[in-house]
>>> print(open('data.pdb').read())   # PDB, C-alpha atoms
ATOM      1  CA  MET Z   1     115.288  60.111  42.130
ATOM      2  CA  LEU Z   2     116.999  60.100  45.518
ATOM      3  CA  VAL Z   3     116.966  56.632  47.035
ATOM      4  CA  PRO Z   4     117.802  56.159  50.739
ATOM      5  CA  VAL Z   5     119.942  53.051  51.164
ATOM      6  CA  VAL Z   6     121.192  51.058  54.146
ATOM      7  CA  VAL Z   7     124.292  48.860  53.986
ATOM      8  CA  GLU Z   8     124.927  46.241  56.662
ATOM      9  CA  VAL Z   9     128.457  44.907  57.032
ATOM     10  CA  THR Z  10     128.827  41.814  59.204
ATOM     11  CA  LEU Z  11     131.692  39.466  59.902
ATOM     12  CA  ARG Z  12     131.453  36.177  58.042
ATOM     13  CA  SER Z  13     130.539  33.206  60.197
ATOM     14  CA  GLY Z  14     133.680  31.560  61.527
ATOM     15  CA  ILE Z  15     135.591  34.838  61.754
ATOM     16  CA  ALA Z  16     136.482  35.688  65.365
ATOM     17  CA  ASP Z  17     134.575  38.665  66.768
ATOM     18  CA  PRO Z  18     136.343  39.989  69.880
ATOM     19  CA  GLU Z  19     133.991  42.990  70.185
ATOM     20  CA  GLY Z  20     130.929  40.763  70.236
ATOM     21  CA  ALA Z  21     132.578  38.352  72.664
ATOM     22  CA  THR Z  22     133.450  41.213  75.027
ATOM     23  CA  ILE Z  23     129.879  42.515  74.979
ATOM     24  CA  GLU Z  24     128.540  39.008  75.659
ATOM     25  CA  ARG Z  25     130.859  38.562  78.650
ATOM     26  CA  ALA Z  26     129.763  41.909  80.117
ATOM     27  CA  LEU Z  27     126.024  41.227  79.930
ATOM     28  CA  PRO Z  28     125.392  39.025  83.011
ATOM     29  CA  ALA Z  29     127.046  41.596  85.318
ATOM     30  CA  LEU Z  30     124.629  44.201  83.934
ATOM     31  CA  GLY Z  31     121.584  42.050  84.563
ATOM     32  CA  PHE Z  32     120.995  40.747  81.056
ATOM     33  CA  THR Z  33     120.703  36.984  80.922
ATOM     34  CA  GLY Z  34     119.754  34.688  78.075
ATOM     35  CA  VAL Z  35     121.618  36.710  75.448
ATOM     36  CA  SER Z  36     123.998  34.748  73.246
ATOM     37  CA  ALA Z  37     125.777  34.776  69.897
ATOM     38  CA  VAL Z  38     126.566  38.494  69.994
ATOM     39  CA  ARG Z  39     128.159  39.711  66.766
ATOM     40  CA  ALA Z  40     129.211  43.294  66.082
ATOM     41  CA  GLY Z  41     129.093  44.858  62.643
ATOM     42  CA  LYS Z  42     128.834  48.161  60.844
ATOM     43  CA  LEU Z  43     125.941  50.092  59.388
ATOM     44  CA  PHE Z  44     126.056  52.759  56.698
ATOM     45  CA  GLN Z  45     123.189  54.977  55.575
ATOM     46  CA  PHE Z  46     123.378  57.109  52.469
ATOM     47  CA  THR Z  47     121.369  58.520  49.599
ATOM     48  CA  VAL Z  48     121.963  57.470  45.987
ATOM     49  CA  GLU Z  49     120.824  59.562  43.043
ATOM     50  CA  ALA Z  50     119.698  57.166  40.290
ATOM     51  CA  GLU Z  51     117.010  56.645  37.656
ATOM     52  CA  THR Z  52     115.381  53.730  39.470
ATOM     53  CA  GLU Z  53     115.505  51.989  42.844
ATOM     54  CA  VAL Z  54     117.061  48.959  41.148
ATOM     55  CA  ALA Z  55     119.904  51.060  39.724
ATOM     56  CA  ALA Z  56     120.445  52.741  43.089
ATOM     57  CA  LEU Z  57     120.609  49.382  44.827
ATOM     58  CA  ALA Z  58     123.101  48.056  42.271
ATOM     59  CA  GLN Z  59     125.360  51.048  42.843
ATOM     60  CA  ALA Z  60     125.033  50.735  46.618
ATOM     61  CA  THR Z  61     125.890  47.028  46.458
ATOM     62  CA  ALA Z  62     129.020  47.718  44.378
ATOM     63  CA  LEU Z  63     130.038  50.474  46.778
ATOM     64  CA  ALA Z  64     129.426  48.232  49.798
ATOM     65  CA  GLN Z  65     131.595  45.454  48.432
ATOM     66  CA  ARG Z  66     134.416  47.628  47.076
ATOM     67  CA  LEU Z  67     134.679  50.347  49.682
ATOM     68  CA  LEU Z  68     132.707  49.659  52.844
ATOM     69  CA  SER Z  69     133.697  46.072  53.568
ATOM     70  CA  ASN Z  70     136.613  43.690  53.432
ATOM     71  CA  PRO Z  71     135.209  40.754  51.427
ATOM     72  CA  VAL Z  72     137.802  38.380  52.843
ATOM     73  CA  ILE Z  73     136.262  38.529  56.314
ATOM     74  CA  GLU Z  74     132.986  40.462  55.916
ATOM     75  CA  ASP Z  75     129.647  40.168  54.165
ATOM     76  CA  ALA Z  76     127.968  43.337  52.904
ATOM     77  CA  THR Z  77     124.307  43.661  51.988
ATOM     78  CA  ALA Z  78     122.530  46.743  50.669
ATOM     79  CA  ARG Z  79     118.806  47.449  50.868
ATOM     80  CA  VAL Z  80     116.506  50.358  50.160
ATOM     81  CA  ALA Z  81     115.557  52.055  53.427
ATOM     82  CA  VAL Z  82     111.867  51.876  54.307
ATOM     83  CA  THR Z  83     111.874  55.454  55.588
ATOM     84  CA  PRO Z  84     114.082  58.353  54.453
ATOM     85  CA  HIS Z  85     117.145  58.906  56.633
ATOM     86  CA  SER Z  86     116.648  61.488  59.342
TER      87      SER Z  86
ATOM     88  CA  MET X   1     112.234  30.399  72.426
ATOM     89  CA  LEU X   2     115.404  31.777  70.874
ATOM     90  CA  VAL X   3     114.724  35.056  69.083
ATOM     91  CA  PRO X   4     117.333  36.479  66.661
ATOM     92  CA  VAL X   5     117.552  40.235  67.122
ATOM     93  CA  VAL X   6     119.275  43.053  65.240
ATOM     94  CA  VAL X   7     120.162  46.359  66.901
ATOM     95  CA  GLU X   8     121.021  49.384  64.772
ATOM     96  CA  VAL X   9     122.903  52.243  66.430
ATOM     97  CA  THR X  10     123.063  55.481  64.445
ATOM     98  CA  LEU X  11     124.264  58.959  65.272
ATOM     99  CA  ARG X  12     121.456  61.412  65.989
ATOM    100  CA  SER X  13     120.841  63.957  63.255
ATOM    101  CA  GLY X  14     122.933  67.046  63.873
ATOM    102  CA  ILE X  15     125.797  65.100  65.448
ATOM    103  CA  ALA X  16     128.967  65.390  63.355
ATOM    104  CA  ASP X  17     129.970  62.155  61.624
ATOM    105  CA  PRO X  18     133.620  62.349  60.534
ATOM    106  CA  GLU X  19     133.673  58.713  59.377
ATOM    107  CA  GLY X  20     130.711  59.253  57.061
ATOM    108  CA  ALA X  21     132.165  62.530  55.793
ATOM    109  CA  THR X  22     135.479  60.851  54.984
ATOM    110  CA  ILE X  23     133.755  58.065  53.048
ATOM    111  CA  GLU X  24     131.696  60.613  51.133
ATOM    112  CA  ARG X  25     134.815  62.589  50.153
ATOM    113  CA  ALA X  26     136.546  59.428  48.915
ATOM    114  CA  LEU X  27     133.710  58.282  46.650
ATOM    115  CA  PRO X  28     134.185  60.443  43.512
ATOM    116  CA  ALA X  29     137.837  59.370  43.179
ATOM    117  CA  LEU X  30     136.637  55.740  43.218
ATOM    118  CA  GLY X  31     134.070  56.320  40.492
ATOM    119  CA  PHE X  32     130.936  56.583  42.612
ATOM    120  CA  THR X  33     128.944  59.706  41.892
ATOM    121  CA  GLY X  34     125.545  60.776  43.137
ATOM    122  CA  VAL X  35     126.059  59.431  46.642
ATOM    123  CA  SER X  36     125.340  61.844  49.471
ATOM    124  CA  ALA X  37     124.440  62.057  53.153
ATOM    125  CA  VAL X  38     126.713  59.193  54.188
ATOM    126  CA  ARG X  39     126.318  58.298  57.862
ATOM    127  CA  ALA X  40     128.218  55.541  59.648
ATOM    128  CA  GLY X  41     126.743  53.530  62.487
ATOM    129  CA  LYS X  42     126.982  50.216  64.271
ATOM    130  CA  LEU X  43     125.107  46.968  63.955
ATOM    131  CA  PHE X  44     124.738  44.229  66.559
ATOM    132  CA  GLN X  45     123.227  40.797  66.042
ATOM    133  CA  PHE X  46     122.398  38.497  68.913
ATOM    134  CA  THR X  47     119.999  35.861  70.145
ATOM    135  CA  VAL X  48     117.681  36.431  73.102
ATOM    136  CA  GLU X  49     116.091  33.601  75.044
ATOM    137  CA  ALA X  50     112.587  34.696  76.053
ATOM    138  CA  GLU X  51     108.991  33.468  76.347
ATOM    139  CA  THR X  52     107.743  35.568  73.429
ATOM    140  CA  GLU X  53     109.101  37.726  70.612
ATOM    141  CA  VAL X  54     107.668  40.795  72.354
ATOM    142  CA  ALA X  55     109.577  40.018  75.564
ATOM    143  CA  ALA X  56     112.761  39.370  73.595
ATOM    144  CA  LEU X  57     112.411  42.672  71.771
ATOM    145  CA  ALA X  58     111.820  44.528  75.040
ATOM    146  CA  GLN X  59     114.991  43.052  76.510
ATOM    147  CA  ALA X  60     116.960  43.821  73.335
ATOM    148  CA  THR X  61     115.729  47.419  73.361
ATOM    149  CA  ALA X  62     116.781  47.900  76.989
ATOM    150  CA  LEU X  63     120.162  46.366  76.249
ATOM    151  CA  ALA X  64     120.597  48.550  73.155
ATOM    152  CA  GLN X  65     119.872  51.727  75.053
ATOM    153  CA  ARG X  66     121.842  50.911  78.203
ATOM    154  CA  LEU X  67     124.876  49.096  76.849
ATOM    155  CA  LEU X  68     125.240  49.323  73.087
ATOM    156  CA  SER X  69     124.674  53.028  72.508
ATOM    157  CA  ASN X  70     125.382  56.434  73.994
ATOM    158  CA  PRO X  71     121.900  57.989  74.187
ATOM    159  CA  VAL X  72     123.356  61.497  74.269
ATOM    160  CA  ILE X  73     124.553  61.244  70.668
ATOM    161  CA  GLU X  74     123.096  58.003  69.309
ATOM    162  CA  ASP X  75     119.736  56.425  68.546
ATOM    163  CA  ALA X  76     119.329  52.683  69.024
ATOM    164  CA  THR X  77     116.566  50.563  67.536
ATOM    165  CA  ALA X  78     116.028  46.842  67.987
ATOM    166  CA  ARG X  79     114.064  44.562  65.682
ATOM    167  CA  VAL X  80     113.498  40.847  65.323
ATOM    168  CA  ALA X  81     115.669  39.483  62.510
ATOM    169  CA  VAL X  82     113.756  38.090  59.546
ATOM    170  CA  THR X  83     116.182  35.191  59.174
ATOM    171  CA  PRO X  84     118.229  33.482  61.902
ATOM    172  CA  HIS X  85     121.788  34.778  62.192
ATOM    173  CA  SER X  86     124.301  32.775  60.196
TER     174      SER X  86
END
>>> encode(input="data.pdb", output="structure tokens")
Amino acid sequence: MLVPVVVEVTLRSGIADPEGATIERALPALGFTGVSAVRAGKLFQFTVEAETEVAALAQATALAQRLLSNPVIEDATARVAVTPHS
Amino acid sequence: MLVPVVVEVTLRSGIADPEGATIERALPALGFTGVSAVRAGKLFQFTVEAETEVAALAQATALAQRLLSNPVIEDATARVAVTPHS
């Protein structure tokens, strides 16, 4: 079966996030107030061919941790997508 | 109330994704087979101060479309995070 998967890669808490900080500083000038704690991360969508959803998720998790993220500074989580990727 | 929000920014279908294509080409050499349709995107996490979750989500959606994405080539979706951001 073809399983659509989403991987979210986010910086670990405590790791400086200059991109998020820059966005946060820009917001008031653009009329957005009350927004805080902006953190930027990465998103990957792909399809895994596997026997079961569990097997697909295991492969996606391994891939996320070995290839798509730097485990020293980032957390990676994989989940089965609710809807197929467009 | 403080509402934790996640914004996902993905390339529209049909828009070339060199980052995703490069990842996909690298996978077989690293032992991952059966992975296809890799697309790379961006993820933003932030907290919105608003009266209700609906108001927070409306503000996050406006922010996502005006500041965090390029609507010509990208889709942006905002959702309330299930768990507070770490």
>>> interface_residues(input="data.pdb", of="chain Z", to="chain X", cutoff="9 Å", atoms="all atoms listed in the file", output="NGL selection string")
:Z and (2 or 8-10 or 12-13 or 20 or 23 or 27 or 30 or 32-50 or 59-60 or 63 or 67-68 or 85-86)
>>> atom_distance(input="data.pdb", atom1="atom CA of X:Gln65", atom2="atom CA of Z:Ile73")
28.2 Å
>>> atom_distance(input="data.pdb", atom1="atom CA of X:Glu53", atom2="atom CA of X:Val80")
7.6 Å
>>> axis_aligned_box(input="data.pdb", around="stretch 25-28 of chain Z", padding_each_side="3 Å", output="AutoDock Vina command-line options")
--center_x 128.1 --center_y 40.2 --center_z 80.8 --size_x 11.5 --size_y 9.3 --size_z 10.4
>>> atom_distance(input="data.pdb", atom1="atom CA of X:Glu74", atom2="atom CA of X:Glu19")
14.5 Å
>>> decode(input="data.pdb", residues="stretch 52-78 of chain X", atoms="N, CA and C atoms", output="PDB file, in the first residue's frame")
ATOM      1  N   THR X  52     -10.800  34.021  21.343  1.00  0.00           N
ATOM      2  CA  THR X  52     -11.258  32.660  21.107  1.00  0.00           C
ATOM      3  C   THR X  52     -10.276  31.950  20.172  1.00  0.00           C
ATOM      4  N   GLU X  53     -10.402  30.620  20.108  1.00  0.00           N
ATOM      5  CA  GLU X  53      -9.576  29.846  19.186  1.00  0.00           C
ATOM      6  C   GLU X  53      -9.881  30.229  17.744  1.00  0.00           C
ATOM      7  N   VAL X  54     -11.162  30.507  17.461  1.00  0.00           N
ATOM      8  CA  VAL X  54     -11.551  30.860  16.091  1.00  0.00           C
ATOM      9  C   VAL X  54     -10.875  32.159  15.668  1.00  0.00           C
ATOM     10  N   ALA X  55     -10.862  33.149  16.570  1.00  0.00           N
ATOM     11  CA  ALA X  55     -10.218  34.430  16.259  1.00  0.00           C
ATOM     12  C   ALA X  55      -8.720  34.240  16.073  1.00  0.00           C
ATOM     13  N   ALA X  56      -8.119  33.410  16.924  1.00  0.00           N
ATOM     14  CA  ALA X  56      -6.681  33.158  16.810  1.00  0.00           C
ATOM     15  C   ALA X  56      -6.349  32.514  15.473  1.00  0.00           C
ATOM     16  N   LEU X  57      -7.194  31.562  15.073  1.00  0.00           N
ATOM     17  CA  LEU X  57      -6.949  30.852  13.816  1.00  0.00           C
ATOM     18  C   LEU X  57      -7.120  31.792  12.629  1.00  0.00           C
ATOM     19  N   ALA X  58      -8.093  32.709  12.721  1.00  0.00           N
ATOM     20  CA  ALA X  58      -8.287  33.672  11.639  1.00  0.00           C
ATOM     21  C   ALA X  58      -7.059  34.564  11.499  1.00  0.00           C
ATOM     22  N   GLN X  59      -6.518  35.015  12.640  1.00  0.00           N
ATOM     23  CA  GLN X  59      -5.337  35.866  12.581  1.00  0.00           C
ATOM     24  C   GLN X  59      -4.135  35.085  12.039  1.00  0.00           C
ATOM     25  N   ALA X  60      -3.997  33.831  12.482  1.00  0.00           N
ATOM     26  CA  ALA X  60      -2.879  33.006  12.011  1.00  0.00           C
ATOM     27  C   ALA X  60      -2.978  32.747  10.513  1.00  0.00           C
ATOM     28  N   THR X  61      -4.199  32.553  10.023  1.00  0.00           N
ATOM     29  CA  THR X  61      -4.378  32.307   8.587  1.00  0.00           C
ATOM     30  C   THR X  61      -4.008  33.544   7.777  1.00  0.00           C
ATOM     31  N   ALA X  62      -4.428  34.722   8.250  1.00  0.00           N
ATOM     32  CA  ALA X  62      -4.064  35.958   7.550  1.00  0.00           C
ATOM     33  C   ALA X  62      -2.558  36.153   7.538  1.00  0.00           C
ATOM     34  N   LEU X  63      -1.941  35.910   8.674  1.00  0.00           N
ATOM     35  CA  LEU X  63      -0.492  36.043   8.802  1.00  0.00           C
ATOM     36  C   LEU X  63       0.225  35.057   7.864  1.00  0.00           C
ATOM     37  N   ALA X  64      -0.280  33.824   7.826  1.00  0.00           N
ATOM     38  CA  ALA X  64       0.336  32.794   6.987  1.00  0.00           C
ATOM     39  C   ALA X  64       0.283  33.195   5.524  1.00  0.00           C
ATOM     40  N   GLN X  65      -0.846  33.759   5.119  1.00  0.00           N
ATOM     41  CA  GLN X  65      -0.983  34.068   3.691  1.00  0.00           C
ATOM     42  C   GLN X  65      -0.285  35.366   3.311  1.00  0.00           C
ATOM     43  N   ARG X  66      -0.185  36.307   4.243  1.00  0.00           N
ATOM     44  CA  ARG X  66       0.423  37.596   3.898  1.00  0.00           C
ATOM     45  C   ARG X  66       1.922  37.632   4.141  1.00  0.00           C
ATOM     46  N   LEU X  67       2.391  36.890   5.133  1.00  0.00           N
ATOM     47  CA  LEU X  67       3.793  37.062   5.540  1.00  0.00           C
ATOM     48  C   LEU X  67       4.622  35.793   5.392  1.00  0.00           C
ATOM     49  N   LEU X  68       4.025  34.649   5.668  1.00  0.00           N
ATOM     50  CA  LEU X  68       4.833  33.427   5.746  1.00  0.00           C
ATOM     51  C   LEU X  68       4.894  32.644   4.443  1.00  0.00           C
ATOM     52  N   SER X  69       4.084  33.006   3.464  1.00  0.00           N
ATOM     53  CA  SER X  69       4.090  32.240   2.222  1.00  0.00           C
ATOM     54  C   SER X  69       4.023  33.178   1.021  1.00  0.00           C
ATOM     55  N   ASN X  70       4.384  32.636  -0.113  1.00  0.00           N
ATOM     56  CA  ASN X  70       4.231  33.329  -1.397  1.00  0.00           C
ATOM     57  C   ASN X  70       3.038  32.693  -2.096  1.00  0.00           C
ATOM     58  N   PRO X  71       1.882  33.348  -2.088  1.00  0.00           N
ATOM     59  CA  PRO X  71       0.662  32.692  -2.591  1.00  0.00           C
ATOM     60  C   PRO X  71       0.712  32.338  -4.076  1.00  0.00           C
ATOM     61  N   VAL X  72       1.672  32.884  -4.800  1.00  0.00           N
ATOM     62  CA  VAL X  72       1.790  32.528  -6.215  1.00  0.00           C
ATOM     63  C   VAL X  72       2.220  31.061  -6.369  1.00  0.00           C
ATOM     64  N   ILE X  73       3.113  30.622  -5.489  1.00  0.00           N
ATOM     65  CA  ILE X  73       3.655  29.263  -5.642  1.00  0.00           C
ATOM     66  C   ILE X  73       3.403  28.370  -4.436  1.00  0.00           C
ATOM     67  N   GLU X  74       2.866  28.945  -3.346  1.00  0.00           N
ATOM     68  CA  GLU X  74       2.742  28.145  -2.123  1.00  0.00           C
ATOM     69  C   GLU X  74       1.317  28.182  -1.558  1.00  0.00           C
ATOM     70  N   ASP X  75       0.951  27.092  -0.906  1.00  0.00           N
ATOM     71  CA  ASP X  75      -0.279  27.039  -0.119  1.00  0.00           C
ATOM     72  C   ASP X  75       0.095  27.142   1.356  1.00  0.00           C
ATOM     73  N   ALA X  76      -0.702  27.864   2.118  1.00  0.00           N
ATOM     74  CA  ALA X  76      -0.466  27.963   3.556  1.00  0.00           C
ATOM     75  C   ALA X  76      -1.730  27.569   4.299  1.00  0.00           C
ATOM     76  N   THR X  77      -1.581  26.693   5.297  1.00  0.00           N
ATOM     77  CA  THR X  77      -2.723  26.332   6.123  1.00  0.00           C
ATOM     78  C   THR X  77      -2.340  26.486   7.592  1.00  0.00           C
ATOM     79  N   ALA X  78      -3.261  27.021   8.365  1.00  0.00           N
ATOM     80  CA  ALA X  78      -3.035  27.204   9.794  1.00  0.00           C
ATOM     81  C   ALA X  78      -3.975  26.287  10.556  1.00  0.00           C
TER      82      ALA X  78
END
